[in-house]
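Structure file data.tsv (TSV, C-alpha atoms) is printed below.
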```tsv
chain	number	residue	atom	x	y	z
A	1	ASN	CA	38.89	-24.97	168.14
A	2	ALA	CA	37.48	-22.68	165.47
A	3	GLY	CA	35.39	-20.68	167.92
A	4	VAL	CA	35.94	-17.23	169.37
A	5	MET	CA	39.16	-17.25	171.38
A	6	GLN	CA	39.72	-14.94	174.31
A	7	ASN	CA	42.75	-14.54	176.51
A	8	PRO	CA	43.64	-14.38	179.22
A	9	ARG	CA	40.79	-16.30	180.82
A	10	HIS	CA	41.63	-14.78	184.18
A	11	LEU	CA	43.51	-11.58	184.89
A	12	VAL	CA	44.35	-10.00	188.23
A	13	ARG	CA	45.42	-6.37	188.42
A	14	ARG	CA	46.02	-3.88	191.19
A	15	ARG	CA	44.29	-0.54	191.17
A	16	GLY	CA	46.00	1.84	188.76
A	17	GLN	CA	47.44	-0.85	186.50
A	18	GLU	CA	46.44	-1.52	182.92
A	19	ALA	CA	44.46	-4.50	181.68
A	20	ARG	CA	44.58	-5.79	178.10
A	21	LEU	CA	42.10	-8.36	176.93
A	22	ARG	CA	42.43	-10.08	173.57
A	23	CYS	CA	39.88	-11.63	171.26
A	24	SER	CA	40.27	-13.57	168.03
A	25	PRO	CA	36.96	-13.95	166.18
A	26	MET	CA	35.71	-17.10	164.55
A	27	LYS	CA	37.34	-17.94	161.27
A	28	GLY	CA	35.70	-15.96	158.51
A	29	HIS	CA	34.12	-13.44	160.87
A	30	SER	CA	35.09	-9.81	160.52
A	31	HIS	CA	32.86	-8.21	163.17
A	32	VAL	CA	33.75	-8.16	166.85
A	33	TYR	CA	31.68	-7.06	169.84
A	34	TRP	CA	32.70	-6.58	173.45
A	35	TYR	CA	30.25	-7.02	176.33
A	36	ARG	CA	30.76	-6.64	180.06
A	37	GLN	CA	29.05	-8.76	182.68
A	38	LEU	CA	29.21	-7.34	186.16
A	39	PRO	CA	28.64	-9.72	189.09
A	40	GLU	CA	25.00	-10.80	189.35
A	41	GLU	CA	24.07	-8.72	186.30
A	42	GLY	CA	23.33	-9.25	182.65
A	43	LEU	CA	25.52	-8.43	179.70
A	44	LYS	CA	26.00	-4.81	178.74
A	45	PHE	CA	27.12	-3.84	175.25
A	46	MET	CA	30.37	-1.91	175.11
A	47	VAL	CA	31.67	-1.63	171.56
A	48	TYR	CA	31.34	-3.02	168.04
A	49	LEU	CA	34.30	-3.11	165.68
A	50	GLN	CA	35.20	-4.18	162.20
A	51	LYS	CA	38.77	-4.45	160.96
A	52	GLU	CA	40.46	-1.08	161.58
A	53	ASN	CA	37.13	0.62	162.36
A	54	ILE	CA	35.08	1.31	165.44
A	55	ILE	CA	31.47	1.12	164.32
A	56	ASP	CA	29.59	1.70	167.57
A	57	GLU	CA	31.21	2.58	170.90
A	58	SER	CA	28.12	3.95	172.57
A	59	GLY	CA	28.46	1.49	175.47
A	60	MET	CA	32.07	2.30	176.28
A	61	PRO	CA	32.86	4.36	179.36
A	62	LYS	CA	34.18	7.74	178.28
A	63	GLU	CA	37.44	7.44	180.13
A	64	ARG	CA	40.10	4.75	180.58
A	65	PHE	CA	38.52	2.27	178.14
A	66	SER	CA	39.54	1.79	174.53
A	67	ALA	CA	39.22	-0.91	171.90
A	68	GLU	CA	40.83	-1.71	168.61
A	69	PHE	CA	40.67	-4.36	165.91
A	70	PRO	CA	43.76	-4.01	163.73
A	71	LYS	CA	44.17	-5.28	160.22
A	72	GLU	CA	46.31	-8.10	161.55
A	73	GLY	CA	45.92	-9.77	164.91
A	74	PRO	CA	43.24	-9.96	167.56
A	75	SER	CA	40.91	-7.31	168.86
A	76	ILE	CA	42.14	-5.66	172.06
A	77	LEU	CA	40.08	-4.17	174.87
A	78	ARG	CA	42.29	-1.94	176.97
A	79	ILE	CA	41.45	-0.60	180.40
A	80	GLN	CA	43.83	1.96	181.83
A	81	GLN	CA	44.22	2.76	185.51
A	82	VAL	CA	41.85	0.03	186.58
A	83	VAL	CA	39.57	0.47	189.59
A	84	ARG	CA	37.74	-2.13	191.67
A	85	GLY	CA	34.52	-1.38	189.82
A	86	ASP	CA	36.12	-2.70	186.61
A	87	SER	CA	36.11	-6.22	188.07
A	88	ALA	CA	33.85	-8.18	185.74
A	89	ALA	CA	33.72	-10.78	183.04
A	90	TYR	CA	34.42	-9.33	179.60
A	91	PHE	CA	32.97	-11.27	176.72
A	92	CYS	CA	33.90	-10.99	173.10
A	93	ALA	CA	31.57	-12.09	170.33
A	94	SER	CA	31.85	-12.23	166.59
A	95	SER	CA	29.46	-12.38	163.69
A	96	ALA	CA	29.56	-13.07	160.01
A	97	PRO	CA	29.59	-10.32	157.36
A	98	SER	CA	26.93	-7.65	157.44
A	99	VAL	CA	24.39	-9.39	155.24
A	100	TYR	CA	23.54	-11.56	158.25
A	101	LEU	CA	23.53	-8.81	160.82
A	102	HIS	CA	19.82	-8.25	160.78
A	103	THR	CA	19.34	-11.61	162.50
A	104	GLY	CA	21.67	-10.49	165.27
A	105	GLU	CA	23.17	-13.91	166.02
A	106	LEU	CA	26.48	-13.62	167.82
A	107	PHE	CA	29.06	-16.25	168.70
A	108	PHE	CA	30.65	-15.74	172.10
A	109	GLY	CA	34.02	-16.55	173.56
A	110	GLU	CA	34.40	-17.97	177.06
A	111	GLY	CA	35.19	-14.59	178.52
A	112	SER	CA	38.05	-12.92	180.36
A	113	ARG	CA	37.50	-12.48	184.07
A	114	LEU	CA	39.21	-9.40	185.43
A	115	THR	CA	39.77	-9.01	189.15
A	116	VAL	CA	41.04	-5.69	190.45
A	117	LEU	CA	42.60	-5.83	193.90
B	118	GLY	CA	15.36	2.75	173.59
B	119	ASN	CA	15.21	-1.01	173.32
B	120	SER	CA	15.00	-3.09	176.47
B	121	VAL	CA	14.43	-6.65	177.61
B	122	THR	CA	12.86	-7.68	180.90
B	123	GLN	CA	13.17	-11.21	182.25
B	124	MET	CA	11.47	-12.80	185.20
B	125	GLU	CA	13.60	-12.61	188.28
B	126	GLY	CA	15.40	-15.66	189.46
B	127	PRO	CA	16.76	-17.82	190.70
B	128	VAL	CA	14.43	-20.60	189.64
B	129	THR	CA	14.76	-24.00	191.27
B	130	LEU	CA	12.92	-27.02	189.88
B	131	SER	CA	12.92	-30.75	190.28
B	132	GLU	CA	13.91	-32.94	187.38
B	133	GLU	CA	11.08	-33.49	184.85
B	134	ALA	CA	9.23	-30.36	185.98
B	135	PHE	CA	7.79	-27.86	183.50
B	136	LEU	CA	9.81	-24.72	182.92
B	137	THR	CA	8.68	-21.23	181.95
B	138	ILE	CA	10.97	-18.22	181.98
B	139	ASN	CA	9.15	-15.04	181.05
B	140	CYS	CA	10.65	-12.44	178.74
B	141	THR	CA	9.09	-9.23	177.49
B	142	TYR	CA	10.65	-6.56	175.35
B	143	THR	CA	10.36	-2.99	174.23
B	144	ALA	CA	11.58	-2.13	170.77
B	145	THR	CA	10.97	-0.04	167.72
B	146	GLY	CA	10.59	-1.79	164.43
B	147	TYR	CA	10.67	-5.55	164.10
B	148	PRO	CA	13.57	-7.02	166.04
B	149	SER	CA	14.79	-10.58	166.12
B	150	LEU	CA	14.54	-12.36	169.47
B	151	PHE	CA	16.92	-14.84	171.04
B	152	TRP	CA	17.49	-17.05	174.01
B	153	TYR	CA	21.08	-17.65	175.01
B	154	VAL	CA	22.31	-20.07	177.68
B	155	GLN	CA	25.42	-19.71	179.83
B	156	TYR	CA	26.78	-22.74	181.65
B	157	PRO	CA	29.06	-22.16	184.65
B	158	GLY	CA	32.41	-20.70	183.68
B	159	GLU	CA	31.56	-20.54	180.01
B	160	GLY	CA	30.48	-18.03	177.41
B	161	LEU	CA	27.00	-17.66	176.04
B	162	GLN	CA	25.60	-20.11	173.51
B	163	LEU	CA	22.64	-19.49	171.28
B	164	LEU	CA	19.76	-21.72	172.34
B	165	LEU	CA	17.06	-20.62	169.91
B	166	LYS	CA	15.85	-17.66	167.94
B	167	ALA	CA	12.87	-16.19	166.09
B	168	THR	CA	13.11	-13.50	163.48
B	169	LYS	CA	9.49	-12.44	162.97
B	170	ALA	CA	6.14	-12.39	164.70
B	171	ASP	CA	4.50	-15.77	165.35
B	172	ASP	CA	7.73	-17.64	164.64
B	173	LYS	CA	8.54	-20.42	167.08
B	174	GLY	CA	12.15	-21.14	167.88
B	175	SER	CA	13.01	-24.56	169.27
B	176	ASN	CA	16.10	-26.52	170.27
B	177	LYS	CA	16.94	-29.30	172.74
B	178	GLY	CA	13.31	-29.47	173.93
B	179	PHE	CA	13.14	-25.71	174.59
B	180	GLU	CA	10.62	-23.55	172.75
B	181	ALA	CA	9.73	-19.87	172.54
B	182	THR	CA	7.18	-18.08	170.37
B	183	TYR	CA	7.58	-14.51	169.16
B	184	ARG	CA	4.38	-12.75	170.28
B	185	LYS	CA	4.18	-9.27	168.85
B	186	GLU	CA	0.80	-8.48	170.41
B	187	THR	CA	2.12	-9.10	173.92
B	188	THR	CA	5.76	-8.20	173.11
B	189	SER	CA	6.86	-11.45	174.69
B	190	PHE	CA	9.19	-14.36	174.00
B	191	HIS	CA	8.74	-16.74	176.91
B	192	LEU	CA	11.00	-19.78	177.15
B	193	GLU	CA	9.40	-23.15	177.91
B	194	LYS	CA	10.45	-26.75	178.33
B	195	GLY	CA	8.15	-29.58	179.18
B	196	SER	CA	10.56	-31.67	181.24
B	197	VAL	CA	13.80	-30.21	182.55
B	198	GLN	CA	16.94	-32.17	183.31
B	199	VAL	CA	19.76	-31.58	185.77
B	200	SER	CA	21.98	-30.72	182.80
B	201	ASP	CA	19.72	-27.76	181.99
B	202	SER	CA	21.02	-25.94	185.07
B	203	ALA	CA	22.46	-22.69	183.73
B	204	VAL	CA	21.75	-18.99	183.32
B	205	TYR	CA	19.30	-18.14	180.54
B	206	PHE	CA	19.36	-14.78	178.78
B	207	CYS	CA	16.66	-13.34	176.59
B	208	ALA	CA	18.00	-10.96	173.95
B	209	LEU	CA	16.78	-8.62	171.26
B	210	GLY	CA	18.57	-7.94	167.99
B	211	GLU	CA	18.03	-4.53	166.50
B	212	THR	CA	16.88	-4.55	162.93
B	213	SER	CA	19.29	-1.92	161.73
B	214	GLY	CA	21.95	-1.94	164.36
B	215	SER	CA	24.77	-4.13	165.38
B	216	ARG	CA	24.20	-5.03	168.97
B	217	LEU	CA	22.16	-7.44	171.04
B	218	THR	CA	20.30	-6.09	174.05
B	219	PHE	CA	20.20	-8.64	176.85
B	220	GLY	CA	17.90	-9.19	179.76
B	221	GLU	CA	19.35	-9.60	183.23
B	222	GLY	CA	19.48	-13.38	183.02
B	223	THR	CA	17.62	-16.06	184.98
B	224	GLN	CA	19.53	-18.65	186.98
B	225	LEU	CA	17.93	-22.09	186.67
B	226	THR	CA	18.85	-24.92	189.02
B	227	VAL	CA	17.39	-28.36	188.43
B	228	ASN	CA	17.64	-30.84	191.29
B	229	PRO	CA	17.60	-34.61	190.81
```
Can you present the structure in this file as structure tokens?
Amino acid sequence: NAGVMQNPRHLVRRRGQEARLRCSPMKGHSHVYWYRQLPEEGLKFMVYLQKENIIDESGMPKERFSAEFPKEGPSILRIQQVVRGDSAAYFCASSAPSVYLHTGELFFGEGSRLTVL
Amino acid sequence: GNSVTQMEGPVTLSEEAFLTINCTYTATGYPSLFWYVQYPGEGLQLLLKATKADDKGSNKGFEATYRKETTSFHLEKGSVQVSDSAVYFCALGETSGSRLTFGEGTQLTVNP
């Protein structure tokens, strides 16, 4: 499967624990985006990263949330001290190099569903 | 800022019925417009897109026309199937940015 790979697909955490969600972009893609889908709602942009750089984090909550995309390995979305309101589906998407960005087409993974007890 | 408004769902139709899901947008500049589809338990898949005014995107019998004068990108299909049951998202791609702005999604259920 050469698509966007996310893991884990399902994650259960208790309040106060940490959640780490991983995303490997499509082969050849160097841009990664994270979106959050709360129950019964649409997708909300969180952060856009390139290798070793955060390009746009305007959708990230100011506290407890962080994201990285290291030179080697997958992108990681980290949520510290989770609360029940963090329960959601977190989707990662990737896109080809910047020359194509103006068309905006993104390729999505199947999502990681976080449940906070 | 940019925004996308979709008709509220859920929408329930019988097989072979005509489908319209309304989408309007607010944006500066000349964005690209998209429809994505999400099947149960899956991620979003691009259904169709249009990159400039008066363009028509089409795929799998679905169509949408980029109407700049009415700032709309309504999704239509002449004859829906049970397999079309999914959530449909209208989205806007910023001309100089990196993100997609999504509407709230419309749940479509097609009954046999």
(message) What's the separation between CA of Ser112 (chain A) and CA of Pro127 (chain B), in Å to one decimal place?
(response) 24.2 Å
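Here is the contact set of chain B against chain A, at 8 Å and counting only C-alpha atoms: Ser149, Gly158, Glu159, Gly160, Leu161, Gln162, Leu163, Thr168, Phe206, Leu209, Gly210, Glu211, Thr212, Ser213, Gly214, Ser215, Arg216, Leu217, Thr218, Phe219, Gly220, Glu221 and Gly222 of chain B.
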Generate a file of the selected residues that holds C-alpha atoms, formatted as a JSON list (two decimals), keeping the file's coordinate frame.
```json
[["chain", "number", "residue", "atom", "x", "y", "z"],
["B", 149, "SER", "CA", 14.79, -10.58, 166.12],
["B", 158, "GLY", "CA", 32.41, -20.70, 183.68],
["B", 159, "GLU", "CA", 31.56, -20.54, 180.01],
["B", 160, "GLY", "CA", 30.48, -18.03, 177.41],
["B", 161, "LEU", "CA", 27.00, -17.66, 176.04],
["B", 162, "GLN", "CA", 25.60, -20.11, 173.51],
["B", 163, "LEU", "CA", 22.64, -19.49, 171.28],
["B", 168, "THR", "CA", 13.11, -13.50, 163.48],
["B", 206, "PHE", "CA", 19.36, -14.78, 178.78],
["B", 209, "LEU", "CA", 16.78, -8.62, 171.26],
["B", 210, "GLY", "CA", 18.57, -7.94, 167.99],
["B", 211, "GLU", "CA", 18.03, -4.53, 166.50],
["B", 212, "THR", "CA", 16.88, -4.55, 162.93],
["B", 213, "SER", "CA", 19.29, -1.92, 161.73],
["B", 214, "GLY", "CA", 21.95, -1.94, 164.36],
["B", 215, "SER", "CA", 24.77, -4.13, 165.38],
["B", 216, "ARG", "CA", 24.20, -5.03, 168.97],
["B", 217, "LEU", "CA", 22.16, -7.44, 171.04],
["B", 218, "THR", "CA", 20.30, -6.09, 174.05],
["B", 219, "PHE", "CA", 20.20, -8.64, 176.85],
["B", 220, "GLY", "CA", 17.90, -9.19, 179.76],
["B", 221, "GLU", "CA", 19.35, -9.60, 183.23],
["B", 222, "GLY", "CA", 19.48, -13.38, 183.02]]
```
(message) List as number ranges by chain the residues having at least one atom at most 12 Å from position (46.1, -7.9, 184.3) as given in the file, counting all atoms listed in the file.
(response) A: 7-22, 77-83, 86-87, 112-117
Take the residues just selected and output them with C-alpha atoms as a short mmCIF file (atom, residue, chain, number, x, y, z; two decimals), in the frame of the given file.
```cif
data_model
loop_
_atom_site.label_atom_id
_atom_site.label_comp_id
_atom_site.auth_asym_id
_atom_site.auth_seq_id
_atom_site.Cartn_x
_atom_site.Cartn_y
_atom_site.Cartn_z
CA ASN A 7 42.75 -14.54 176.51
CA PRO A 8 43.64 -14.38 179.22
CA ARG A 9 40.79 -16.30 180.82
CA HIS A 10 41.63 -14.78 184.18
CA LEU A 11 43.51 -11.58 184.89
CA VAL A 12 44.35 -10.00 188.23
CA ARG A 13 45.42 -6.37 188.42
CA ARG A 14 46.02 -3.88 191.19
CA ARG A 15 44.29 -0.54 191.17
CA GLY A 16 46.00 1.84 188.76
CA GLN A 17 47.44 -0.85 186.50
CA GLU A 18 46.44 -1.52 182.92
CA ALA A 19 44.46 -4.50 181.68
CA ARG A 20 44.58 -5.79 178.10
CA LEU A 21 42.10 -8.36 176.93
CA ARG A 22 42.43 -10.08 173.57
CA LEU A 77 40.08 -4.17 174.87
CA ARG A 78 42.29 -1.94 176.97
CA ILE A 79 41.45 -0.60 180.40
CA GLN A 80 43.83 1.96 181.83
CA GLN A 81 44.22 2.76 185.51
CA VAL A 82 41.85 0.03 186.58
CA VAL A 83 39.57 0.47 189.59
CA ASP A 86 36.12 -2.70 186.61
CA SER A 87 36.11 -6.22 188.07
CA SER A 112 38.05 -12.92 180.36
CA ARG A 113 37.50 -12.48 184.07
CA LEU A 114 39.21 -9.40 185.43
CA THR A 115 39.77 -9.01 189.15
CA VAL A 116 41.04 -5.69 190.45
CA LEU A 117 42.60 -5.83 193.90
#
```
(message) Around the point (9.5, -14.6, 185.7) (coordinates from the file), which residues reach within 9 Å if we count only C-alpha atoms? Answer as a list in words.
(response) Gln123, Met124, Glu125, Gly126, Val128, Thr137, Ile138, Asn139, Cys140 and Thr223 of chain B
Padding 3 Å on every side, please: axis-aligned box over the listed atoms of region 208-212 of chain B, centre and edge lengths to one decimal in Å, as JSON.
```
{"center_x": 17.7, "center_y": -7.7, "center_z": 168.4, "size_x": 7.8, "size_y": 12.4, "size_z": 17.0}
```
(message) Please compute the CA of Leu164 (chain B)-CA of Trp152 (chain B) distance, one decimal, in Å.
(response) 5.5 Å
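For the atom pair formed by CA of Tyr142 (chain B) and CA of Pro157 (chain B), the distance is 25.9 Å, given to one decimal.
Distances here use all atoms listed in the file; by that measure, the residue among A:Ala96, A:Ala88, A:Cys23, A:Leu38 closest to Glu68 (chain A) is A:Cys23.
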(message) as an MDAnalysis selection string, please: the residues near Thr141 (chain B) (cut-off 10 Å, only C-alpha atoms, same-chain neighbours under 4 positions excluded).
(response) chainID B and resid 120:124 183:185 187:191 207:209 220
Kindly export the residues of the current selection with C-alpha atoms, as a CSV table (one decimal), in the coordinates of the input.
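Output below, filename again_16.csv:
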```csv
chain,number,residue,atom,x,y,z
B,120,SER,CA,15.0,-3.1,176.5
B,121,VAL,CA,14.4,-6.6,177.6
B,122,THR,CA,12.9,-7.7,180.9
B,123,GLN,CA,13.2,-11.2,182.2
B,124,MET,CA,11.5,-12.8,185.2
B,183,TYR,CA,7.6,-14.5,169.2
B,184,ARG,CA,4.4,-12.8,170.3
B,185,LYS,CA,4.2,-9.3,168.8
B,187,THR,CA,2.1,-9.1,173.9
B,188,THR,CA,5.8,-8.2,173.1
B,189,SER,CA,6.9,-11.4,174.7
B,190,PHE,CA,9.2,-14.4,174.0
B,191,HIS,CA,8.7,-16.7,176.9
B,207,CYS,CA,16.7,-13.3,176.6
B,208,ALA,CA,18.0,-11.0,174.0
B,209,LEU,CA,16.8,-8.6,171.3
B,220,GLY,CA,17.9,-9.2,179.8
```
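Of the residues under consideration (B:Glu186, B:Ala203, B:Val197, B:Pro148), B:Val197 shows the shortest atom-to-atom contact distance to Glu132 (chain B) when counting only C-alpha atoms.
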(request) Go through B:Leu225, B:Ala134, B:Leu150, B:Ala144 one by one, measure the shortest atom-to-atom distance of each to Ala170 (chain B) using all atoms listed in the file, and give the residue with the smallest value. (result) B:Leu150
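Considering all atoms listed in the file, the residue among B:Thr182, B:Asn119, B:Ser175, B:Gln198 positioned nearest to Leu136 (chain B) is B:Gln198.
Among the candidate residues A:Gln50, A:Ser58, A:Gln6, A:Ser94, the one lying nearest to Pro70 (chain A) is A:Gln50, with distances computed using all atoms listed in the file.
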Could you complete region 198-209 of chain B so that it carries N, CA, C and O atoms, and give it back as a PDB file, keeping the file's coordinate frame?
```
ATOM      1  N   GLN B 198      15.946 -31.224 182.823  1.00  0.00           N
ATOM      2  CA  GLN B 198      16.940 -32.170 183.310  1.00  0.00           C
ATOM      3  C   GLN B 198      17.977 -31.428 184.152  1.00  0.00           C
ATOM      4  O   GLN B 198      18.126 -30.202 184.024  1.00  0.00           O
ATOM      5  N   VAL B 199      18.720 -32.188 184.944  1.00  0.00           N
ATOM      6  CA  VAL B 199      19.760 -31.580 185.770  1.00  0.00           C
ATOM      7  C   VAL B 199      20.750 -30.810 184.891  1.00  0.00           C
ATOM      8  O   VAL B 199      21.232 -29.735 185.265  1.00  0.00           O
ATOM      9  N   SER B 200      21.019 -31.348 183.719  1.00  0.00           N
ATOM     10  CA  SER B 200      21.980 -30.720 182.800  1.00  0.00           C
ATOM     11  C   SER B 200      21.491 -29.393 182.225  1.00  0.00           C
ATOM     12  O   SER B 200      22.269 -28.672 181.586  1.00  0.00           O
ATOM     13  N   ASP B 201      20.237 -29.049 182.455  1.00  0.00           N
ATOM     14  CA  ASP B 201      19.720 -27.760 181.990  1.00  0.00           C
ATOM     15  C   ASP B 201      20.049 -26.626 182.972  1.00  0.00           C
ATOM     16  O   ASP B 201      19.763 -25.460 182.689  1.00  0.00           O
ATOM     17  N   SER B 202      20.643 -26.950 184.084  1.00  0.00           N
ATOM     18  CA  SER B 202      21.020 -25.940 185.070  1.00  0.00           C
ATOM     19  C   SER B 202      22.017 -24.972 184.447  1.00  0.00           C
ATOM     20  O   SER B 202      23.094 -25.368 184.006  1.00  0.00           O
ATOM     21  N   ALA B 203      21.646 -23.703 184.411  1.00  0.00           N
ATOM     22  CA  ALA B 203      22.460 -22.690 183.730  1.00  0.00           C
ATOM     23  C   ALA B 203      21.775 -21.337 183.928  1.00  0.00           C
ATOM     24  O   ALA B 203      20.725 -21.242 184.559  1.00  0.00           O
ATOM     25  N   VAL B 204      22.389 -20.304 183.355  1.00  0.00           N
ATOM     26  CA  VAL B 204      21.750 -18.990 183.320  1.00  0.00           C
ATOM     27  C   VAL B 204      21.207 -18.767 181.915  1.00  0.00           C
ATOM     28  O   VAL B 204      21.914 -18.990 180.931  1.00  0.00           O
ATOM     29  N   TYR B 205      19.971 -18.342 181.823  1.00  0.00           N
ATOM     30  CA  TYR B 205      19.300 -18.140 180.540  1.00  0.00           C
ATOM     31  C   TYR B 205      19.070 -16.643 180.315  1.00  0.00           C
ATOM     32  O   TYR B 205      18.540 -15.945 181.185  1.00  0.00           O
ATOM     33  N   PHE B 206      19.480 -16.197 179.134  1.00  0.00           N
ATOM     34  CA  PHE B 206      19.360 -14.780 178.780  1.00  0.00           C
ATOM     35  C   PHE B 206      18.440 -14.630 177.580  1.00  0.00           C
ATOM     36  O   PHE B 206      18.652 -15.266 176.542  1.00  0.00           O
ATOM     37  N   CYS B 207      17.476 -13.757 177.719  1.00  0.00           N
ATOM     38  CA  CYS B 207      16.660 -13.340 176.590  1.00  0.00           C
ATOM     39  C   CYS B 207      17.342 -12.133 175.953  1.00  0.00           C
ATOM     40  O   CYS B 207      17.918 -11.281 176.661  1.00  0.00           O
ATOM     41  N   ALA B 208      17.315 -12.050 174.631  1.00  0.00           N
ATOM     42  CA  ALA B 208      18.000 -10.960 173.950  1.00  0.00           C
ATOM     43  C   ALA B 208      17.225 -10.503 172.736  1.00  0.00           C
ATOM     44  O   ALA B 208      16.461 -11.262 172.136  1.00  0.00           O
ATOM     45  N   LEU B 209      17.471  -9.264 172.370  1.00  0.00           N
ATOM     46  CA  LEU B 209      16.780  -8.620 171.260  1.00  0.00           C
ATOM     47  C   LEU B 209      17.823  -8.113 170.278  1.00  0.00           C
ATOM     48  O   LEU B 209      18.811  -7.480 170.686  1.00  0.00           O
TER      49      LEU B 209
END
```
